[in-house]
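Reproduced below: upload32.cif, with mmCIF, C-alpha atoms.
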```
data_structure
loop_
_atom_site.label_atom_id
_atom_site.label_comp_id
_atom_site.auth_asym_id
_atom_site.auth_seq_id
_atom_site.Cartn_x
_atom_site.Cartn_y
_atom_site.Cartn_z
CA MET A 118 -4.13 -28.50 21.67
CA LYS A 119 -3.91 -26.52 18.46
CA LEU A 120 -3.89 -22.75 18.94
CA PHE A 121 -5.43 -20.24 16.54
CA ALA A 122 -5.45 -16.46 16.19
CA LYS A 123 -8.02 -13.89 15.11
CA ILE A 124 -8.16 -10.17 14.40
CA ARG A 125 -10.28 -9.18 17.39
CA LYS A 126 -10.68 -5.41 17.12
CA ILE A 127 -9.44 -2.55 14.94
CA SER A 128 -9.49 1.19 15.62
CA TYR A 129 -7.94 3.94 13.59
CA TYR A 130 -7.25 7.62 13.87
CA LEU A 131 -7.17 10.20 11.10
CA PRO A 132 -5.65 13.59 11.99
CA GLY A 133 -8.32 16.02 10.87
CA PRO A 134 -9.80 17.99 9.40
CA PRO A 135 -9.54 16.37 5.96
CA LEU A 136 -7.97 18.34 3.16
CA SER A 137 -9.81 18.17 -0.13
CA ILE A 138 -7.22 17.61 -2.85
CA ASP A 139 -9.38 17.87 -5.95
CA SER A 140 -12.91 18.34 -7.24
CA ASN A 141 -13.67 14.60 -6.96
CA SER A 142 -14.05 14.75 -3.16
CA ASN A 143 -10.72 13.02 -2.63
CA ASN A 144 -9.59 13.66 0.95
CA ARG A 145 -6.21 13.43 2.60
CA TYR A 146 -5.34 13.83 6.28
CA HIS A 147 -2.20 15.56 7.52
CA ALA A 148 -0.72 15.25 11.01
CA SER A 149 0.00 18.49 12.84
CA GLN A 150 3.54 19.86 12.89
CA ASP A 151 4.46 18.33 16.24
CA GLU A 152 2.94 14.87 15.60
CA ILE A 153 4.88 11.87 14.33
CA GLY A 154 3.82 8.29 13.63
CA SER A 155 3.73 7.01 17.19
CA ASP A 156 1.47 9.92 18.23
CA LEU A 157 -1.13 8.84 15.68
CA ALA A 158 -0.77 5.20 16.72
CA TYR A 159 -1.20 6.27 20.35
CA LYS A 160 -4.42 8.13 19.58
CA ALA A 161 -5.71 5.10 17.69
CA VAL A 162 -5.04 2.73 20.59
CA LEU A 163 -6.62 5.10 23.13
CA LYS A 164 -9.72 5.01 20.93
CA LEU A 165 -9.54 1.21 20.80
CA PHE A 166 -9.35 0.87 24.60
CA ASN A 167 -12.16 3.42 24.97
CA ASP A 168 -14.46 1.82 22.38
CA TYR A 169 -13.84 -1.76 23.51
CA PRO A 170 -13.58 -1.79 27.33
CA GLU A 171 -13.56 -5.60 27.25
CA ILE A 172 -9.97 -5.38 26.05
CA ASP A 173 -7.81 -5.23 29.15
CA LYS A 174 -4.44 -3.67 28.40
CA ARG A 175 -2.91 -5.75 31.20
CA GLU A 176 -3.57 -8.81 29.04
CA ILE A 177 -1.51 -7.50 26.10
CA ASP A 178 1.55 -9.74 26.14
CA PHE A 179 3.22 -8.67 22.89
CA LEU A 180 3.44 -5.31 21.12
CA ILE A 181 4.47 -4.83 17.47
CA VAL A 182 4.93 -1.32 16.06
CA SER A 183 5.22 -0.38 12.41
CA THR A 184 6.09 3.20 11.47
CA LEU A 185 8.49 4.70 8.98
CA VAL A 186 9.33 7.66 11.24
CA LEU A 187 10.71 6.10 14.39
CA ASP A 188 10.76 8.11 17.63
CA TYR A 189 14.49 7.38 17.95
CA ASN A 190 16.95 5.33 15.93
CA SER A 191 17.07 3.27 19.10
CA PRO A 192 15.53 2.08 21.35
CA THR A 193 12.51 0.75 19.51
CA THR A 194 9.40 2.89 19.18
CA ALA A 195 7.60 -0.16 20.59
CA SER A 196 9.51 0.40 23.86
CA VAL A 197 8.44 4.06 23.90
CA LEU A 198 4.79 3.18 23.29
CA HIS A 199 4.97 0.34 25.83
CA HIS A 200 5.94 2.91 28.46
CA LYS A 201 3.40 5.49 27.31
CA LEU A 202 0.59 2.93 27.47
CA GLY A 203 1.70 1.42 30.77
CA LEU A 204 1.71 -2.13 29.38
CA SER A 205 2.78 -5.10 31.45
CA SER A 206 6.48 -5.67 32.13
CA THR A 207 6.02 -9.22 30.82
CA CYS A 208 4.99 -7.86 27.38
CA GLY A 209 7.46 -8.38 24.51
CA THR A 210 8.11 -5.51 22.10
CA ILE A 211 9.45 -5.21 18.57
CA ASP A 212 9.46 -2.69 15.73
CA LEU A 213 8.60 -3.98 12.29
CA PRO A 214 8.99 -0.96 10.00
CA GLN A 215 8.04 -2.66 6.75
CA GLY A 216 6.24 0.26 5.06
CA CYS A 217 3.10 -0.59 3.11
CA SER A 218 3.50 -4.29 3.99
CA GLY A 219 3.88 -3.39 7.68
CA PHE A 220 0.43 -4.38 8.87
CA LEU A 221 0.44 -7.83 7.30
CA TYR A 222 4.03 -8.50 8.35
CA SER A 223 2.96 -7.59 11.90
CA LEU A 224 -0.12 -9.78 11.59
CA SER A 225 2.01 -12.72 10.42
CA VAL A 226 4.23 -12.36 13.49
CA ALA A 227 1.22 -11.98 15.79
CA GLU A 228 -0.39 -15.09 14.32
CA ALA A 229 2.84 -17.05 14.67
CA MET A 230 3.35 -15.92 18.29
CA ILE A 231 -0.18 -16.97 19.23
CA SER A 232 -0.16 -20.25 17.28
CA ALA A 233 3.13 -21.20 18.95
CA GLY A 234 1.72 -20.49 22.39
CA ASN A 235 4.13 -17.63 23.02
CA ALA A 236 1.48 -14.92 23.32
CA ARG A 237 -2.28 -14.69 23.77
CA ASN A 238 -3.08 -11.06 22.95
CA VAL A 239 -0.87 -9.16 20.53
CA LEU A 240 -1.30 -5.42 20.01
CA ILE A 241 -0.25 -4.06 16.62
CA LEU A 242 0.26 -0.31 16.47
CA LEU A 243 0.70 1.50 13.17
CA GLY A 244 1.47 5.20 12.72
CA GLU A 245 2.43 6.86 9.49
CA VAL A 246 3.20 10.47 8.54
CA PRO A 247 4.31 10.24 4.89
CA THR A 248 3.15 13.80 4.19
CA LYS A 249 6.07 15.09 6.29
CA ALA A 250 8.50 13.55 3.81
CA ILE A 251 6.95 14.92 0.62
CA HIS A 252 8.22 18.05 -1.11
CA SER A 253 5.54 20.69 -1.67
CA GLU A 254 6.12 20.48 -5.43
CA ASP A 255 5.67 16.69 -5.59
CA ILE A 256 2.06 17.00 -6.72
CA VAL A 257 1.70 13.30 -7.58
CA LEU A 258 2.94 12.13 -4.16
CA ARG A 259 0.83 14.74 -2.37
CA SER A 260 -2.26 13.42 -4.13
CA ILE A 261 -1.43 9.83 -3.14
CA PHE A 262 -0.34 9.84 0.49
CA GLY A 263 -2.10 10.67 3.75
CA ASP A 264 -1.28 10.34 7.46
CA ALA A 265 -3.02 7.94 9.86
CA GLY A 266 -2.72 5.75 12.92
CA ALA A 267 -4.24 2.31 13.56
CA ALA A 268 -4.44 -0.15 16.44
CA ILE A 269 -5.28 -3.82 16.06
CA VAL A 270 -5.65 -6.49 18.72
CA VAL A 271 -4.99 -10.08 17.62
CA SER A 272 -6.08 -12.70 20.14
CA GLU A 273 -6.40 -16.44 20.66
CA ASN A 274 -9.38 -17.99 18.95
CA ASN A 275 -11.08 -21.40 18.98
CA THR A 276 -11.01 -21.78 15.21
CA LYS A 277 -8.61 -20.81 12.46
CA ALA A 278 -9.46 -17.28 11.29
CA ILE A 279 -6.11 -16.24 9.79
CA GLY A 280 -4.77 -18.35 6.93
CA LYS A 281 -1.26 -19.07 5.76
CA PHE A 282 0.95 -16.20 4.66
CA THR A 283 2.90 -15.85 1.44
CA PHE A 284 5.95 -13.59 1.29
CA ALA A 285 8.03 -12.17 -1.55
CA THR A 286 10.84 -9.65 -1.77
CA PHE A 287 12.26 -8.03 -4.88
CA GLY A 288 15.23 -6.24 -3.37
CA ASN A 289 16.42 -5.10 -6.78
CA GLY A 290 13.56 -2.57 -6.60
CA PHE A 291 14.66 -0.98 -3.30
CA ASP A 292 15.88 2.15 -5.07
CA PHE A 293 12.64 2.87 -6.92
CA LEU A 294 10.62 3.88 -3.87
CA LYS A 295 12.49 5.12 -0.84
CA VAL A 296 12.94 7.87 1.69
CA GLU A 297 16.03 9.73 0.56
CA ARG A 298 18.25 10.88 3.47
CA GLY A 299 17.78 10.42 7.17
CA GLY A 300 19.33 6.95 7.38
CA GLY A 301 22.86 5.87 8.21
CA ARG A 302 23.75 5.32 4.53
CA ASN A 303 23.03 8.86 3.48
CA PRO A 304 22.40 11.08 6.50
CA ILE A 305 20.90 14.57 6.44
CA ASP A 306 23.70 17.12 6.27
CA GLU A 307 24.11 20.88 6.06
CA ALA A 308 23.73 20.90 2.27
CA TRP A 309 20.41 19.07 2.56
CA ILE A 310 19.13 21.46 5.23
CA ASN A 311 20.10 24.48 3.13
CA LYS A 312 18.53 22.97 0.01
CA TYR A 313 15.12 22.74 1.64
CA SER A 314 15.31 25.75 3.97
CA ASP A 315 12.61 27.54 1.95
CA GLN A 316 10.11 24.71 2.44
CA VAL A 317 7.34 25.14 5.02
CA ASN A 318 7.99 21.46 5.69
CA GLN A 319 11.77 21.33 5.67
CA LEU A 320 11.81 17.56 5.17
CA PRO A 321 13.45 16.76 8.53
CA PHE A 322 12.82 13.02 8.09
CA GLY A 323 14.04 12.85 4.48
CA ARG A 324 12.12 12.94 1.23
CA ILE A 325 10.02 10.25 -0.44
CA GLU A 326 11.25 9.61 -3.96
CA MET A 327 9.27 7.35 -6.26
CA ASN A 328 9.82 6.05 -9.78
CA GLY A 329 6.15 5.70 -10.65
CA LEU A 330 6.77 3.64 -13.78
CA GLU A 331 8.88 1.06 -11.95
CA VAL A 332 6.38 0.85 -9.08
CA LEU A 333 3.60 0.20 -11.62
CA ARG A 334 5.71 -2.38 -13.47
CA PHE A 335 6.45 -4.16 -10.19
CA ALA A 336 2.75 -4.25 -9.31
CA LEU A 337 1.60 -5.45 -12.73
CA LYS A 338 4.38 -8.00 -13.08
CA GLU A 339 4.37 -9.53 -9.61
CA ILE A 340 1.05 -9.04 -7.84
CA PRO A 341 -1.28 -11.18 -10.03
CA GLY A 342 1.00 -14.22 -9.66
CA PHE A 343 1.52 -13.47 -5.99
CA LEU A 344 -2.25 -13.39 -5.44
CA GLU A 345 -2.48 -16.77 -7.12
CA GLN A 346 0.27 -18.16 -4.85
CA THR A 347 -1.59 -16.86 -1.80
CA LEU A 348 -4.80 -18.57 -2.91
CA VAL A 349 -3.03 -21.86 -3.73
CA LYS A 350 -1.22 -21.86 -0.38
CA ASN A 351 -4.59 -21.53 1.34
CA GLY A 352 -6.26 -24.17 -0.83
CA LEU A 353 -8.66 -21.68 -2.38
CA THR A 354 -9.62 -20.43 -5.83
CA ILE A 355 -10.44 -16.86 -6.73
CA SER A 356 -14.17 -17.63 -7.02
CA GLU A 357 -14.24 -18.81 -3.39
CA ILE A 358 -13.10 -15.40 -2.12
CA ASP A 359 -15.80 -13.01 -0.93
CA PHE A 360 -13.71 -9.85 -0.75
CA PHE A 361 -10.28 -8.56 -1.65
CA ILE A 362 -8.47 -5.80 0.21
CA PHE A 363 -5.19 -4.76 -1.36
CA HIS A 364 -2.84 -2.15 0.00
CA GLN A 365 -4.35 1.15 -1.12
CA ALA A 366 -1.31 2.11 -3.21
CA SER A 367 -2.98 4.52 -5.64
CA ALA A 368 -6.28 4.68 -7.50
CA PHE A 369 -4.55 3.84 -10.76
CA ILE A 370 -2.58 0.84 -9.45
CA LEU A 371 -5.69 -0.52 -7.72
CA LYS A 372 -7.77 -0.20 -10.88
CA SER A 373 -5.02 -1.79 -12.99
CA LEU A 374 -4.63 -4.72 -10.59
CA GLN A 375 -8.35 -5.29 -10.27
CA ARG A 376 -8.56 -5.52 -14.04
CA LYS A 377 -5.50 -7.73 -14.43
CA CYS A 378 -6.53 -10.09 -11.61
CA ASN A 379 -10.13 -10.29 -12.92
CA ILE A 380 -11.64 -9.32 -9.57
CA PRO A 381 -15.31 -8.27 -9.74
CA GLU A 382 -15.83 -4.66 -8.69
CA HIS A 383 -18.26 -5.51 -5.86
CA LYS A 384 -15.65 -7.75 -4.24
CA PHE A 385 -12.78 -5.27 -4.49
CA ILE A 386 -12.76 -2.98 -1.46
CA SER A 387 -11.15 0.43 -1.77
CA ASN A 388 -11.28 3.59 0.29
CA PHE A 389 -8.46 5.34 -1.52
CA GLU A 390 -10.60 8.38 -2.33
CA GLU A 391 -11.48 8.91 1.32
CA VAL A 392 -8.04 8.59 2.94
CA GLY A 393 -5.38 7.99 0.27
CA ASN A 394 -2.37 5.76 0.76
CA THR A 395 -1.73 5.64 4.50
CA VAL A 396 1.21 3.20 4.20
CA SER A 397 0.93 0.43 6.82
CA CYS A 398 -2.47 1.71 8.02
CA SER A 399 -4.22 1.32 4.68
CA ILE A 400 -5.42 -2.30 4.93
CA PRO A 401 -6.74 -2.15 8.52
CA ILE A 402 -8.52 1.15 7.80
CA ALA A 403 -10.14 -0.31 4.67
CA LEU A 404 -11.05 -3.48 6.59
CA GLU A 405 -12.57 -1.63 9.54
CA THR A 406 -14.40 0.88 7.34
CA ALA A 407 -16.02 -1.92 5.34
CA ALA A 408 -16.83 -3.86 8.52
CA ALA A 409 -18.51 -0.80 10.05
CA LEU A 410 -20.70 -0.56 6.95
CA GLY A 411 -21.84 -4.16 7.49
CA THR A 412 -20.09 -5.39 4.36
CA PHE A 413 -18.94 -8.70 5.84
CA LYS A 414 -20.94 -11.63 7.15
CA LYS A 415 -19.63 -14.37 9.41
CA GLY A 416 -17.52 -16.86 7.50
CA ASP A 417 -16.63 -14.55 4.62
CA LYS A 418 -13.19 -15.18 3.18
CA ILE A 419 -11.20 -12.00 2.65
CA VAL A 420 -7.88 -11.80 0.84
CA LEU A 421 -5.51 -9.26 2.37
CA LEU A 422 -2.57 -8.36 0.17
CA GLY A 423 0.18 -5.89 1.05
CA PHE A 424 2.94 -4.66 -1.20
CA GLY A 425 5.27 -1.73 -1.45
CA ILE A 426 8.61 -0.28 -0.49
CA GLY A 427 11.38 -2.83 -0.70
CA PHE A 428 9.82 -4.06 -2.97
CA SER A 429 7.94 -6.41 -0.67
CA CYS A 430 4.75 -8.47 -0.94
CA ILE A 431 2.77 -10.33 1.70
CA GLY A 432 -0.62 -11.97 1.47
CA THR A 433 -3.05 -14.05 3.48
CA VAL A 434 -6.73 -14.96 3.67
CA ILE A 435 -8.76 -14.21 6.79
CA GLU A 436 -12.14 -15.62 7.72
CA TRP A 437 -14.60 -13.11 9.14
CA MET B 557 -2.68 -7.85 -33.43
CA GLU B 558 -3.84 -4.99 -35.59
CA ILE B 559 -3.05 -1.32 -35.19
CA ASP B 560 -6.74 -0.41 -35.54
CA ASP B 561 -7.54 -2.41 -32.39
CA PHE B 562 -4.58 -0.82 -30.65
CA ILE B 563 -5.78 2.69 -31.49
CA LYS B 564 -9.36 1.85 -30.53
CA ALA B 565 -8.21 0.64 -27.13
CA ILE B 566 -6.25 3.88 -26.59
CA GLU B 567 -9.23 6.02 -27.59
CA GLU B 568 -11.47 4.09 -25.19
CA GLU B 569 -8.98 4.40 -22.33
CA PHE B 570 -8.66 8.19 -22.35
CA ASP B 571 -11.79 10.16 -21.50
CA ASN B 572 -10.74 13.16 -23.58
CA LEU B 573 -10.27 11.15 -26.80
CA ASN B 574 -12.94 10.45 -29.41
CA PRO B 575 -12.91 7.89 -32.22
CA GLY B 576 -10.67 9.19 -35.00
CA ASP B 577 -8.56 11.42 -32.74
CA VAL B 578 -5.59 9.05 -32.83
CA THR B 579 -3.71 7.92 -35.93
CA PRO B 580 -0.61 5.74 -36.28
CA ASN B 581 1.46 8.89 -36.77
CA SER B 582 0.12 10.70 -33.69
CA VAL B 583 2.92 11.85 -31.40
CA PHE B 584 1.61 10.65 -28.08
CA ARG B 585 3.55 13.16 -25.98
CA ASP B 586 1.68 15.92 -27.87
CA MET B 587 -1.64 14.66 -26.52
CA GLU B 588 -3.64 17.35 -24.75
CA GLY B 589 -2.64 17.57 -21.08
CA TRP B 590 0.14 14.98 -21.47
CA SER B 591 1.86 14.07 -18.20
CA SER B 592 3.94 11.23 -16.81
CA MET B 593 0.64 9.71 -15.67
CA HIS B 594 -0.34 9.17 -19.30
CA ALA B 595 2.79 7.10 -19.84
CA LEU B 596 1.69 4.85 -16.97
CA ILE B 597 -1.76 4.52 -18.51
CA PHE B 598 -0.16 3.37 -21.79
CA VAL B 599 1.99 0.82 -19.94
CA ALA B 600 -0.97 -0.57 -18.01
CA LEU B 601 -3.20 -0.63 -21.08
CA ILE B 602 -0.65 -2.51 -23.20
CA ASP B 603 -0.02 -4.94 -20.35
CA SER B 604 -3.75 -5.51 -19.92
CA LYS B 605 -4.49 -5.98 -23.61
CA TYR B 606 -1.37 -7.80 -24.83
CA ASP B 607 0.37 -9.04 -21.65
CA VAL B 608 3.44 -7.04 -22.64
CA LEU B 609 5.14 -4.89 -20.01
CA LEU B 610 7.14 -2.03 -21.52
CA ASN B 611 10.07 -0.57 -19.60
CA GLY B 612 11.31 3.01 -19.34
CA ASP B 613 13.91 2.72 -22.09
CA GLU B 614 11.38 1.21 -24.50
CA LEU B 615 8.91 4.01 -23.77
CA LYS B 616 11.59 6.65 -24.27
CA SER B 617 12.47 5.16 -27.67
CA CYS B 618 8.91 5.66 -28.93
CA VAL B 619 7.62 8.86 -30.47
CA THR B 620 4.44 7.89 -32.34
CA ILE B 621 1.57 5.53 -31.65
CA ASN B 622 2.97 3.35 -34.42
CA ASP B 623 6.30 3.12 -32.54
CA LEU B 624 4.42 1.91 -29.45
CA PHE B 625 2.52 -0.60 -31.55
CA ASP B 626 5.69 -1.92 -33.20
CA ILE B 627 7.61 -2.40 -29.96
CA THR B 628 4.60 -4.08 -28.36
CA ARG B 629 4.25 -6.43 -31.33
CA LEU B 630 7.99 -7.17 -31.27
CA LYS B 631 7.86 -8.12 -27.58
CA LEU B 632 4.67 -10.09 -28.06
CA ASN B 633 6.45 -12.16 -30.69
CA GLY B 634 9.34 -12.87 -28.35
CA GLY B 635 11.64 -10.07 -29.45
CA GLY B 636 13.08 -7.26 -27.31
CA ALA B 637 13.99 -7.38 -23.67
CA LYS B 638 12.00 -9.48 -21.25
CA ALA B 639 9.64 -7.54 -18.98
#
```

Could you write out this structure as structure tokens?
Amino acid sequence: MKLFAKIRKISYYLPGPPLSIDSNSNNRYHASQDEIGSDLAYKAVLKLFNDYPEIDKREIDFLIVSTLVLDYNSPTTASVLHHKLGLSSTCGTIDLPQGCSGFLYSLSVAEAMISAGNARNVLILLGEVPTKAIHSEDIVLRSIFGDAGAAIVVSENNTKAIGKFTFATFGNGFDFLKVERGGGRNPIDEAWINKYSDQVNQLPFGRIEMNGLEVLRFALKEIPGFLEQTLVKNGLTISEIDFFIFHQASAFILKSLQRKCNIPEHKFISNFEEVGNTVSCSIPIALETAAALGTFKKGDKIVLLGFGIGFSCIGTVIEW
Amino acid sequence: MEIDDFIKAIEEEFDNLNPGDVTPNSVFRDMEGWSSMHALIFVALIDSKYDVLLNGDELKSCVTINDLFDITRLKLNGGGAKA
């Protein structure tokens, strides 16, 4: 018997209250000083279990966690959250810290696990605190990023609701968007600590550094063709797609891609103004927000396209 | 491609510009409120209109609107570095 998977439920958590960053009612959310990514993911999954009591946590048989600020270098943050949530001892756990592509990478693994008969209910937990790695004088980055957590349950389904995935990596762009310091290659040292000792946020997890021009060039050069590949792989044309949800990279990149890909405005879903770029959480938050507004009807085809740090790209088409 | 079309597209792209504000000799970094964001807007605009993707070195080599136009035309005709 052929096995299929479906996004069953999504919940998300925004650490409030929102901070207004300009006069255009753009909001960003910042985690409190003692919260890191897994704390936001944890709050999101508690909300999910509370809102959807039909989801029995004892039936979760695989957990995938994506966060760029791990609880520990090892063990996995998935192990920590597995314990905190009291999941079954037969539940598999992995971390998949793939940045802005993290949700779709996790979804591709969840879909593969279920289709192969290796899992029936996969929990994806996402928690991101990019604001803790941004210098107070990085006005552009502060206007782009926000913190968030999200929880998604992917379960067996009778029909195919998640299409084929396309992947791409442009590793020659790894240096253009990265968290400087905090890793084994270039650890935080005394000089770093002294350099940022005057910061309210002393950048304990490193500092996000972005070459905005190269990120834009990557997006403009690679994403339109990558979208086309995703459609072809799923046997679809652009006119057959009801909605498009791209990673909410920045207002400018979204607008530029919408224009270059010739996507009609009413089909292009964005909530960048409301929450900013929440890294791996951005697509599920945009998806759930639109769903809650009644945007989708049964059978709608929705392109999900993630891209970012790495540089990495991943795309698929889901059926609502 | 004509420079008049190029200038018109620039004037339409920026909210604070009116027709006639930009000439071929305008130094684009002297535009009111110039920031690195404006450079990105130029790159995206030229890519959208001419399917030419300028890189950082090419941008740095330009001073006037005419310089931008010339390098775009050169790349459009197969000259210059590939995007």

Set the distance at 9 Å and use all atoms listed in the file: which residues neighbour His383 (chain A) once local chain neighbours fewer than 3 positions away are removed? I'd like the list as a compact mmCIF listing (two decimals) with C-alpha atoms, in the coordinates of the input.
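Generated output (out-v6.txt):
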```
# COMPACT_ATOMS: atom_id res chain seq x y z
CA PHE A 360 -13.71 -9.85 -0.75
CA ILE A 380 -11.64 -9.32 -9.57
CA ILE A 386 -12.76 -2.98 -1.46
```

Original post:
Once you count only C-alpha atoms, which residues end up no further than 9 Å from (-2.2, -7.5, 26.7) in the file's frame, shown as a PyMOL selection string?
Top reply: chain A and resi 172-180+204-205+208+236-240+270

Original post:
Once you count all atoms listed in the file, which residues of chain A turn out to be within 8 Å of chain B? Could you give them as number ranges by chain?
Top reply: A: 329-331, 333-334, 337-338, 373, 376-377

**OP:** Have a look at CA of Glu339 (chain A) and CA of Leu242 (chain A) and let me know their distance in Å, one decimal.
**Re:**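 We find that CA of Glu339 (chain A) and CA of Leu242 (chain A) lie 28.0 Å from each other.
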
**OP:** Can you turn the PyMOL selection byres ((chain A and resi 127-137) around 8) into a concrete residue list for this file, as a ChimeraX atom specification?
**Re:** /A:124-126,138-140,142-149,157-158,160-162,164-165,264-270,401-402,405

Generate a file of the selected residues that holds C-alpha atoms, formatted as a JSON list (two decimals), keeping the file's coordinate frame.
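Writing the result to selection_31.json gives the following:
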```json
[["chain", "number", "residue", "atom", "x", "y", "z"],
["A", 124, "ILE", "CA", -8.16, -10.17, 14.40],
["A", 125, "ARG", "CA", -10.28, -9.18, 17.39],
["A", 126, "LYS", "CA", -10.68, -5.41, 17.12],
["A", 138, "ILE", "CA", -7.22, 17.61, -2.85],
["A", 139, "ASP", "CA", -9.38, 17.87, -5.95],
["A", 140, "SER", "CA", -12.91, 18.34, -7.24],
["A", 142, "SER", "CA", -14.05, 14.75, -3.16],
["A", 143, "ASN", "CA", -10.72, 13.02, -2.63],
["A", 144, "ASN", "CA", -9.59, 13.66, 0.95],
["A", 145, "ARG", "CA", -6.21, 13.43, 2.60],
["A", 146, "TYR", "CA", -5.34, 13.83, 6.28],
["A", 147, "HIS", "CA", -2.20, 15.56, 7.52],
["A", 148, "ALA", "CA", -0.72, 15.25, 11.01],
["A", 149, "SER", "CA", 0.00, 18.49, 12.84],
["A", 157, "LEU", "CA", -1.13, 8.84, 15.68],
["A", 158, "ALA", "CA", -0.77, 5.20, 16.72],
["A", 160, "LYS", "CA", -4.42, 8.13, 19.58],
["A", 161, "ALA", "CA", -5.71, 5.10, 17.69],
["A", 162, "VAL", "CA", -5.04, 2.73, 20.59],
["A", 164, "LYS", "CA", -9.72, 5.01, 20.93],
["A", 165, "LEU", "CA", -9.54, 1.21, 20.80],
["A", 264, "ASP", "CA", -1.28, 10.34, 7.46],
["A", 265, "ALA", "CA", -3.02, 7.94, 9.86],
["A", 266, "GLY", "CA", -2.72, 5.75, 12.92],
["A", 267, "ALA", "CA", -4.24, 2.31, 13.56],
["A", 268, "ALA", "CA", -4.44, -0.15, 16.44],
["A", 269, "ILE", "CA", -5.28, -3.82, 16.06],
["A", 270, "VAL", "CA", -5.65, -6.49, 18.72],
["A", 401, "PRO", "CA", -6.74, -2.15, 8.52],
["A", 402, "ILE", "CA", -8.52, 1.15, 7.80],
["A", 405, "GLU", "CA", -12.57, -1.63, 9.54]]
```

Original post:
What is the distance, in Å and to one decimal place, between CA of His252 (chain A) and CA of Ser367 (chain A)?
Top reply: 18.1 Å

Original post:
Suppose you want the space between CA of Val619 (chain B) and CA of Phe369 (chain A); what is it in Å?
Top reply: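 A separation of 23.7 Å between them.
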
**OP:** For each of B:Met557, B:Ile602, B:Ala565, B:Ile621, take the minimum atom-to-atom distance to Pro580 (chain B), counting only C-alpha atoms, then give the residue where this is smallest.
**Re:**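 The closest residue to Pro580 (chain B) is B:Ile621.
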
Original post:
Any idea what's packed within 12 Å of Pro192 (chain A), counting all atoms listed in the file, ignoring anything in its chain fewer than 5 positions away? Could you give it as a list in words?
Top reply: Leu187, Val197, Leu198, His199, His200, Thr210, Ile211 and Asp212 of chain A

Subject >> Contacts of Phe413 (chain A) at 12 Å (all atoms listed in the file; same-chain gap of 3+ positions) as a VMD selection string >> reply: chain A and resid 358 to 361 384 386 404 to 410 416 to 419 435 to 437

Store the residues of this selection in a file with C-alpha atoms, as a PDB file, in the frame of the given file.
```
ATOM      1  CA  ILE A 358     -13.100 -15.400  -2.120  1.00  0.00           C
ATOM      2  CA  ASP A 359     -15.800 -13.010  -0.930  1.00  0.00           C
ATOM      3  CA  PHE A 360     -13.710  -9.850  -0.750  1.00  0.00           C
ATOM      4  CA  PHE A 361     -10.280  -8.560  -1.650  1.00  0.00           C
ATOM      5  CA  LYS A 384     -15.650  -7.750  -4.240  1.00  0.00           C
ATOM      6  CA  ILE A 386     -12.760  -2.980  -1.460  1.00  0.00           C
ATOM      7  CA  LEU A 404     -11.050  -3.480   6.590  1.00  0.00           C
ATOM      8  CA  GLU A 405     -12.570  -1.630   9.540  1.00  0.00           C
ATOM      9  CA  THR A 406     -14.400   0.880   7.340  1.00  0.00           C
ATOM     10  CA  ALA A 407     -16.020  -1.920   5.340  1.00  0.00           C
ATOM     11  CA  ALA A 408     -16.830  -3.860   8.520  1.00  0.00           C
ATOM     12  CA  ALA A 409     -18.510  -0.800  10.050  1.00  0.00           C
ATOM     13  CA  LEU A 410     -20.700  -0.560   6.950  1.00  0.00           C
ATOM     14  CA  GLY A 416     -17.520 -16.860   7.500  1.00  0.00           C
ATOM     15  CA  ASP A 417     -16.630 -14.550   4.620  1.00  0.00           C
ATOM     16  CA  LYS A 418     -13.190 -15.180   3.180  1.00  0.00           C
ATOM     17  CA  ILE A 419     -11.200 -12.000   2.650  1.00  0.00           C
ATOM     18  CA  ILE A 435      -8.760 -14.210   6.790  1.00  0.00           C
ATOM     19  CA  GLU A 436     -12.140 -15.620   7.720  1.00  0.00           C
ATOM     20  CA  TRP A 437     -14.600 -13.110   9.140  1.00  0.00           C
TER      21      TRP A 437
END
```

Original post:
Neighbours of Thr248 (chain A) within 10 Å (all atoms listed in the file; same-chain residues fewer than 2 positions away dropped), as an MDAnalysis selection string?
Top reply: chainID A and resid 145:148 245:246 250:253 258:264 318 320 324:325 395

Subject >> Which of A:Leu353, A:Cys217, A:Leu243, A:Ile181 sits closest to Met230 (chain A) [using all atoms listed in the file] >> reply: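 Once distances to Met230 (chain A) are computed over all atoms listed in the file, the minimum belongs to A:Ile181.
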
Applying the PyMOL selection byres ((chain A and resi 350) around 12) to the file I just gave you, which residues come out? Please list them as a short mmCIF file (atom, residue, chain, number, x, y, z; two decimals) with C-alpha atoms, in the coordinates of the input.
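The resulting file, out.cif, is reproduced below:
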```cif
data_model
loop_
_atom_site.label_atom_id
_atom_site.label_comp_id
_atom_site.auth_asym_id
_atom_site.auth_seq_id
_atom_site.Cartn_x
_atom_site.Cartn_y
_atom_site.Cartn_z
CA GLY A 280 -4.77 -18.35 6.93
CA LYS A 281 -1.26 -19.07 5.76
CA PHE A 282 0.95 -16.20 4.66
CA THR A 283 2.90 -15.85 1.44
CA PHE A 284 5.95 -13.59 1.29
CA PHE A 343 1.52 -13.47 -5.99
CA LEU A 344 -2.25 -13.39 -5.44
CA GLU A 345 -2.48 -16.77 -7.12
CA GLN A 346 0.27 -18.16 -4.85
CA THR A 347 -1.59 -16.86 -1.80
CA LEU A 348 -4.80 -18.57 -2.91
CA VAL A 349 -3.03 -21.86 -3.73
CA ASN A 351 -4.59 -21.53 1.34
CA GLY A 352 -6.26 -24.17 -0.83
CA LEU A 353 -8.66 -21.68 -2.38
CA THR A 354 -9.62 -20.43 -5.83
CA GLY A 432 -0.62 -11.97 1.47
CA THR A 433 -3.05 -14.05 3.48
CA VAL A 434 -6.73 -14.96 3.67
#
```
